[in-house]
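A.B. asks: What follows is the file final.txt, containing compact mmCIF, C-alpha atoms:
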# COMPACT_ATOMS: atom_id res chain seq x y z
CA MET S 801 119.79 86.25 144.40
CA GLN S 802 121.56 82.96 143.84
CA GLN S 803 119.80 80.84 141.25
CA PRO S 804 119.56 77.07 141.44
CA PRO S 805 121.37 75.03 138.77
CA GLY S 806 118.13 74.35 136.93
CA LEU S 807 117.55 77.98 135.98
CA ALA S 808 120.48 80.02 134.66
CA PRO S 809 120.77 83.48 136.27
CA LYS S 810 120.84 85.17 132.85
CA LEU S 811 117.57 83.47 131.89
CA ALA S 812 115.94 84.28 135.23
CA ARG S 813 116.79 87.97 134.83
CA GLN S 814 114.93 88.05 131.50
CA GLY S 815 111.69 87.61 133.36
CA GLU S 816 108.69 85.36 133.59
CA ARG S 817 107.78 85.07 129.92
CA ALA S 818 111.33 84.24 128.87
CA VAL S 819 111.43 81.45 131.44
CA TRP S 820 108.05 80.18 130.28
CA ARG S 821 109.31 80.12 126.68
CA HIS S 822 112.36 78.15 127.77
CA LEU S 823 110.21 75.66 129.65
CA LEU S 824 107.96 75.31 126.61
CA SER S 825 110.97 74.53 124.43
CA ARG S 826 112.01 71.78 126.87
CA LEU S 827 108.54 70.24 126.85
CA GLU S 828 108.44 70.39 123.05
CA ALA S 829 111.82 68.64 122.97
CA LEU S 830 110.32 65.99 125.23
CA GLU S 831 107.42 65.56 122.80
CA ARG S 832 109.72 65.29 119.77
CA GLY S 833 112.04 62.79 121.41
CA TRP S 834 109.35 60.66 123.02
CA ALA S 835 109.82 57.65 120.74
CA ASP S 836 113.48 57.33 121.73
CA ALA S 837 113.86 56.21 125.35
CA THR S 838 117.23 57.97 125.83
CA LEU S 839 116.09 61.24 124.27
CA ARG S 840 112.86 61.08 126.26
CA GLU S 841 114.63 60.63 129.57
CA ASN S 842 117.16 63.38 128.84
CA ALA S 843 114.46 65.85 127.82
CA LEU S 844 112.35 64.91 130.84
CA GLU S 845 115.30 65.51 133.17
CA GLU S 846 115.92 68.92 131.57
CA ALA S 847 112.28 69.91 132.04
CA ARG S 848 112.38 68.82 135.69
CA SER S 849 115.55 70.81 136.23
CA VAL S 850 114.00 73.97 134.79
CA VAL S 851 110.85 73.64 136.90
CA SER S 852 112.90 73.10 140.04
CA GLY S 853 114.32 76.62 139.70
CA PHE S 854 111.02 78.48 139.45
CA GLY S 855 110.42 78.94 143.17
CA ALA S 856 113.88 80.27 144.04
CA ALA S 857 113.71 82.69 141.11
CA GLY S 858 110.34 84.02 142.26
CA ILE S 859 108.67 82.98 139.01
CA ALA S 860 105.22 81.43 139.03
CA LEU S 861 104.01 78.73 136.72
CA PRO S 862 101.07 79.58 134.43
CA PRO S 863 97.53 78.68 135.53
CA GLY S 864 96.86 75.01 134.99
CA LEU S 865 100.48 74.03 135.63
CA ARG S 866 100.88 74.72 139.35
CA ASP S 867 101.43 71.00 139.91
CA LEU S 868 103.87 70.59 137.01
CA ALA S 869 106.77 69.43 139.21
CA ARG S 870 104.62 66.62 140.60
CA ARG S 871 103.39 65.61 137.16
CA LEU S 872 106.90 65.53 135.71
CA ALA S 873 108.10 63.45 138.65
CA GLY S 874 105.44 60.82 138.01
CA SER S 875 104.86 58.43 135.15
CA LEU S 876 103.91 60.40 132.03
CA GLU S 877 102.05 59.04 129.02
CA THR S 878 102.55 60.54 125.57
CA HIS S 879 98.95 61.77 125.33
CA GLU S 880 99.42 63.75 128.57
CA LEU S 881 102.09 65.99 127.05
CA ALA S 882 99.54 68.23 125.36
CA SER S 883 97.98 69.02 128.74
CA LEU S 884 101.39 70.37 129.82
CA ILE S 885 102.22 72.21 126.60
CA VAL S 886 98.87 73.88 125.82
CA PRO S 887 98.68 76.02 129.03
CA LEU S 888 102.13 77.42 128.23
CA GLU S 889 101.19 78.13 124.62
CA ARG S 890 98.09 79.99 125.76
CA ALA S 891 99.90 81.91 128.49
CA LEU S 892 102.41 83.05 125.87
CA ASP S 893 99.65 83.89 123.34
CA ARG S 894 101.36 81.54 120.93
CA ARG S 895 99.40 80.81 117.78
CA VAL S 896 99.80 77.23 116.69
CA GLN S 897 98.90 75.70 113.34
CA ASP S 898 98.42 72.14 112.16
CA ALA S 899 102.04 71.89 111.08
CA ASP S 900 103.13 72.47 114.69
CA PHE S 901 101.62 69.31 116.07
CA LEU S 902 100.12 66.99 113.44
CA PRO S 903 101.90 63.63 113.19
CA VAL S 904 103.37 62.62 109.86
CA THR S 905 100.83 60.21 108.38
CA ASP S 906 101.56 60.65 104.68
CA ARG S 907 101.18 57.70 102.35
CA CYS S 908 104.16 56.72 100.22
CA GLU S 909 101.98 57.16 97.13
CA PRO S 910 98.55 58.73 96.48
CA ARG S 911 95.62 56.37 96.97
CA ALA S 912 94.16 57.24 93.56
CA GLN S 913 94.91 59.19 90.43
CA THR S 914 94.17 62.87 90.25
CA MET S 915 90.78 63.93 88.95
CA PRO S 916 90.38 66.44 86.09
CA VAL S 917 89.63 69.34 88.41
CA ARG S 918 91.45 72.64 88.79
CA VAL S 919 91.13 75.24 91.54
CA VAL S 920 91.42 78.97 90.93
CA ALA S 921 92.36 80.93 94.08
CA ASP S 922 91.75 84.59 93.25
CA SER S 923 93.36 87.21 95.49
CA LEU S 924 93.21 85.31 98.77
CA ARG S 925 94.48 87.65 101.45
CA SER S 926 95.55 84.99 103.93
CA ALA S 927 98.71 83.05 103.16
CA PHE S 928 97.49 80.44 105.64
CA ASN S 929 94.35 79.99 103.53
CA VAL S 930 96.42 79.59 100.37
CA GLY S 931 98.42 76.87 102.09
CA GLY S 932 95.15 75.26 103.10
CA VAL S 933 94.02 75.34 99.46
CA PHE S 934 97.15 73.40 98.51
CA ARG S 935 96.75 70.86 101.29
CA THR S 936 93.03 70.32 100.63
CA SER S 937 93.48 70.16 96.86
CA GLU S 938 96.22 67.55 97.12
CA CYS S 939 94.14 65.45 99.52
CA PHE S 940 91.27 65.21 97.04
CA GLY S 941 93.44 64.75 93.95
CA VAL S 942 93.15 68.13 92.21
CA GLU S 943 95.14 68.36 88.98
CA GLU S 944 96.29 71.97 89.24
CA ILE S 945 95.92 75.16 91.32
CA LEU S 946 95.84 78.50 89.53
CA LEU S 947 96.90 81.40 91.76
CA THR S 948 95.72 84.82 90.63
CA GLY S 949 95.94 88.42 91.79
CA TYR S 950 97.75 88.84 95.09
CA SER S 951 97.31 85.27 96.35
CA ALA S 952 100.67 84.28 97.88
CA GLY S 953 102.56 81.36 96.39
CA PRO S 954 104.56 78.49 97.91
CA ASP S 955 107.63 80.73 97.91
CA ASP S 956 105.98 82.47 100.87
CA ALA S 957 107.09 80.69 104.05
CA ARG S 958 103.60 80.96 105.56
CA VAL S 959 102.03 79.24 102.57
CA ALA S 960 104.66 76.51 102.56
CA ARG S 961 104.17 75.90 106.27
CA ALA S 962 100.39 75.60 106.01
CA ALA S 963 100.65 73.46 102.86
CA MET S 964 102.74 70.91 104.79
CA GLY S 965 104.65 69.76 101.72
CA THR S 966 101.65 69.48 99.39
CA ASP S 967 102.92 72.42 97.32
CA ARG S 968 105.49 69.94 95.98
CA ARG S 969 102.84 67.35 95.14
CA VAL S 970 100.23 69.34 93.23
CA ALA S 971 100.88 71.38 90.10
CA TRP S 972 100.30 75.12 90.30
CA SER S 973 100.64 78.16 88.10
CA ARG S 974 100.61 81.93 88.53
CA HIS S 975 98.31 84.28 86.60
CA ARG S 976 97.96 88.05 86.77
CA SER S 977 94.19 88.02 87.09
CA ALA S 978 91.16 85.77 87.35
CA ALA S 979 90.26 86.82 83.81
CA GLU S 980 93.59 85.48 82.58
CA ALA S 981 93.02 82.25 84.49
CA MET S 982 89.56 81.94 82.92
CA GLN S 983 91.15 82.17 79.48
CA VAL S 984 93.46 79.28 80.41
CA LEU S 985 90.48 77.25 81.61
CA ARG S 986 88.65 77.87 78.35
CA GLU S 987 91.68 76.70 76.37
CA ARG S 988 91.66 73.49 78.39
CA GLY S 989 87.93 72.93 77.98
CA CYS S 990 87.14 73.30 81.69
CA PHE S 991 83.60 73.75 83.01
CA ALA S 992 84.02 76.73 85.37
CA ILE S 993 82.09 76.65 88.66
CA ALA S 994 81.99 79.80 90.80
CA LEU S 995 81.65 79.05 94.52
CA GLU S 996 79.21 81.63 95.90
CA THR S 997 77.04 82.18 98.98
CA ALA S 998 73.80 83.62 97.52
CA GLU S 999 70.71 81.53 98.24
CA GLU S 1000 69.43 81.71 94.66
CA HIS S 1001 72.24 79.50 93.43
CA PRO S 1002 71.84 75.70 93.40
CA THR S 1003 73.97 73.47 95.56
CA LEU S 1004 76.90 71.69 93.98
CA ALA S 1005 75.20 68.34 94.54
CA ALA S 1006 72.22 69.50 92.45
CA LEU S 1007 74.38 70.67 89.56
CA GLU S 1008 74.81 68.67 86.37
CA LEU S 1009 78.57 68.28 86.69
CA ARG S 1010 80.95 67.99 83.77
CA PHE S 1011 84.63 67.15 83.65
CA PRO S 1012 87.17 68.60 83.24
CA CYS S 1013 86.03 71.38 85.53
CA ALA S 1014 87.36 74.10 87.80
CA ILE S 1015 86.28 75.54 91.14
CA LEU S 1016 86.63 79.33 91.37
CA LEU S 1017 87.41 80.73 94.83
CA GLY S 1018 87.24 84.45 95.61
CA ASN S 1019 88.70 86.77 98.21
CA GLU S 1020 87.76 85.95 101.81
CA ARG S 1021 85.90 89.25 102.24
CA PHE S 1022 84.79 90.35 98.79
CA GLY S 1023 84.42 87.05 96.97
CA LEU S 1024 84.74 86.78 93.20
CA SER S 1025 84.32 89.83 90.99
CA PRO S 1026 80.89 90.10 89.33
CA SER S 1027 82.46 89.78 85.89
CA ILE S 1028 84.06 86.43 86.77
CA VAL S 1029 80.85 85.17 88.36
CA ALA S 1030 78.99 86.11 85.19
CA GLU S 1031 81.58 84.39 82.99
CA ALA S 1032 81.46 81.13 84.95
CA ASP S 1033 79.48 78.24 83.47
CA ALA S 1034 77.73 77.66 86.79
CA ARG S 1035 77.33 79.33 90.16
CA VAL S 1036 76.82 77.14 93.21
CA ARG S 1037 76.63 77.46 96.98
CA ILE S 1038 77.41 75.28 99.97
CA PRO S 1039 74.16 74.91 101.94
CA THR S 1040 74.40 76.29 105.48
CA TYR S 1041 71.83 76.17 108.26
CA GLY S 1042 73.06 78.42 111.05
CA ALA S 1043 72.93 82.17 111.55
CA LYS S 1044 76.35 82.51 109.93
CA ALA S 1045 75.72 81.99 106.22
CA SER S 1046 79.31 81.56 105.08
CA LEU S 1047 82.28 79.26 105.63
CA ASN S 1048 86.02 79.77 105.68
CA VAL S 1049 87.23 79.53 102.08
CA VAL S 1050 89.26 76.37 102.73
CA SER S 1051 86.35 74.67 104.53
CA ALA S 1052 84.07 75.50 101.61
CA LEU S 1053 86.64 74.15 99.16
CA ALA S 1054 86.93 70.89 101.08
CA ILE S 1055 83.16 70.34 100.90
CA ALA S 1056 83.11 71.18 97.18
CA LEU S 1057 86.03 68.92 96.34
CA HIS S 1058 84.54 66.05 98.32
CA GLU S 1059 81.39 66.32 96.21
CA LEU S 1060 83.38 66.50 92.99
CA ARG S 1061 85.50 63.52 93.98
CA ARG S 1062 82.43 61.50 94.93
CA HIS S 1063 80.78 62.31 91.63
CA PHE S 1064 83.93 61.68 89.60
CA ASP S 1065 84.60 58.30 91.20
CA ALA S 1066 80.98 57.26 90.77
CA THR S 1067 80.69 58.24 87.12
CA SER S 1068 84.15 57.60 85.72
CA ASP S 1069 84.11 54.86 83.09
CA ARG S 1070 87.86 55.02 82.65
CA VAL S 1071 90.75 56.57 84.51
CA GLY S 1072 93.84 57.08 82.42
CA ASP S 1073 97.31 57.91 83.58
CA ALA S 1074 98.09 60.93 85.74
CA GLY S 1075 98.30 63.15 82.70
CA GLY S 1076 94.77 62.64 81.44
CA HIS S 1077 91.33 61.38 82.36
CA ARG S 1078 87.98 60.80 80.78
CA ALA S 1079 84.85 60.83 82.90
CA SER S 1080 81.36 60.09 81.74
CA ARG S 1081 79.03 63.09 81.89
CA GLN S 1082 75.67 63.12 83.56
CA SER S 1083 72.83 63.11 81.10
Translate this structure into structure tokens?

C.D. replies:
Amino acid sequence: MQQPPGLAPKLARQGERAVWRHLLSRLEALERGWADATLRENALEEARSVVSGFGAAGIALPPGLRDLARRLAGSLETHELASLIVPLERALDRRVQDADFLPVTDRCEPRAQTMPVRVVADSLRSAFNVGGVFRTSECFGVEEILLTGYSAGPDDARVARAAMGTDRRVAWSRHRSAAEAMQVLRERGCFAIALETAEEHPTLAALELRFPCAILLGNERFGLSPSIVAEADARVRIPTYGAKASLNVVSALAIALHELRRHFDATSDRVGDAGGHRASRQS
């Protein structure tokens, strides 16, 4: 069968999903080049050309995009692009992450100094979660992340992708075990807080906080080892109210760090340079 110019015969022979992937790449190019009028028009023309060849090749568009040719022929707004891209992503079972679509909104410099808080990530199984720990920690001004056990580091491409560059903005160190990390915390005079789910523990907001301190995060399934929980200076929980009594580890960390940041900013009587801080303690 003769293929129209908009759809190369070799591509058409690869089948429906290959053509969908090609169309998705053209729409993503349109999204990336939107700010430049010339790039936008060129990418838009390429997408129109691809779509024009679907019928002759006997290839159907995914559900939700049957009227794609009409929509591309009309006047598109930038916010409408997602409604064209998402049906293709879903039809192709493509998993997207924040780094795939979030705009770059970084500040040139941090809004405030770091706070004297460290995060211990002990044997997190998900590299995506480790990247989320970096991103969340940097957002709230954590001083250092201590990776222990088999938690992946920023040298893992999945961690680096989820961290979105924050692995270059927050200090981190590698330790063989949580016990070794605890020894480091003791040497630095940190008040160690184990983040747990058991109802008998107080909430972080009810705790008499002290700085410098550290939040201890355990494995997504098994949590922290009992020995580390016992060694911690305090054990706290994030209050939950639904049937599901636990949160994703990064979500829980974000809530905990928000509380620590709020408390630190409210009680600090002096903030030194980035290398050191002194915060007043609650009486």

A.B. asks: Considering all atoms listed in the file, can you say which of S:Leu844, S:Leu811, S:Ala998, S:Val917 comes closest to Ile945 (chain S)?

C.D. replies: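 When distances to Ile945 (chain S) are compared using all atoms listed in the file, the smallest one comes from S:Val917.
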
A.B. asks: Can you tell me, as a list of chain:residue names, what residues are no more than 6 Å from Asn1019 (chain S) when counting all atoms listed in the file, ignoring any on the same chain fewer than 2 positions away?

C.D. replies: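 The neighbour list is S:Ser923, S:Leu924, S:Arg1021, S:Phe1022, S:Gly1023.
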
A.B. asks: So which one's closest to His1058 (chain S), S:Met915, S:Val850, S:Ala994, S:Ile1028? Using only C-alpha atoms, please.

C.D. replies: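 Of the candidates, the smallest distance to His1058 (chain S) is held by S:Met915.
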
A.B. asks: Leaving out Leu868 (chain S) and any residue of its chain fewer than 5 positions from it, which residues lie within 9 Å of it when counting all atoms listed in the file, given as a CSV table (one decimal) with C-alpha atoms, keeping the file's coordinate frame?

C.D. replies:
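The result, written out as part.csv:
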chain,number,residue,atom,x,y,z
S,848,ARG,CA,112.4,68.8,135.7
S,851,VAL,CA,110.8,73.6,136.9
S,861,LEU,CA,104.0,78.7,136.7
S,873,ALA,CA,108.1,63.4,138.6
S,884,LEU,CA,101.4,70.4,129.8

A.B. asks: Grab the CA of Ala1032 (chain S) to CA of Arg968 (chain S) distance for me, in Å with one decimal place.

C.D. replies: 28.7 Å
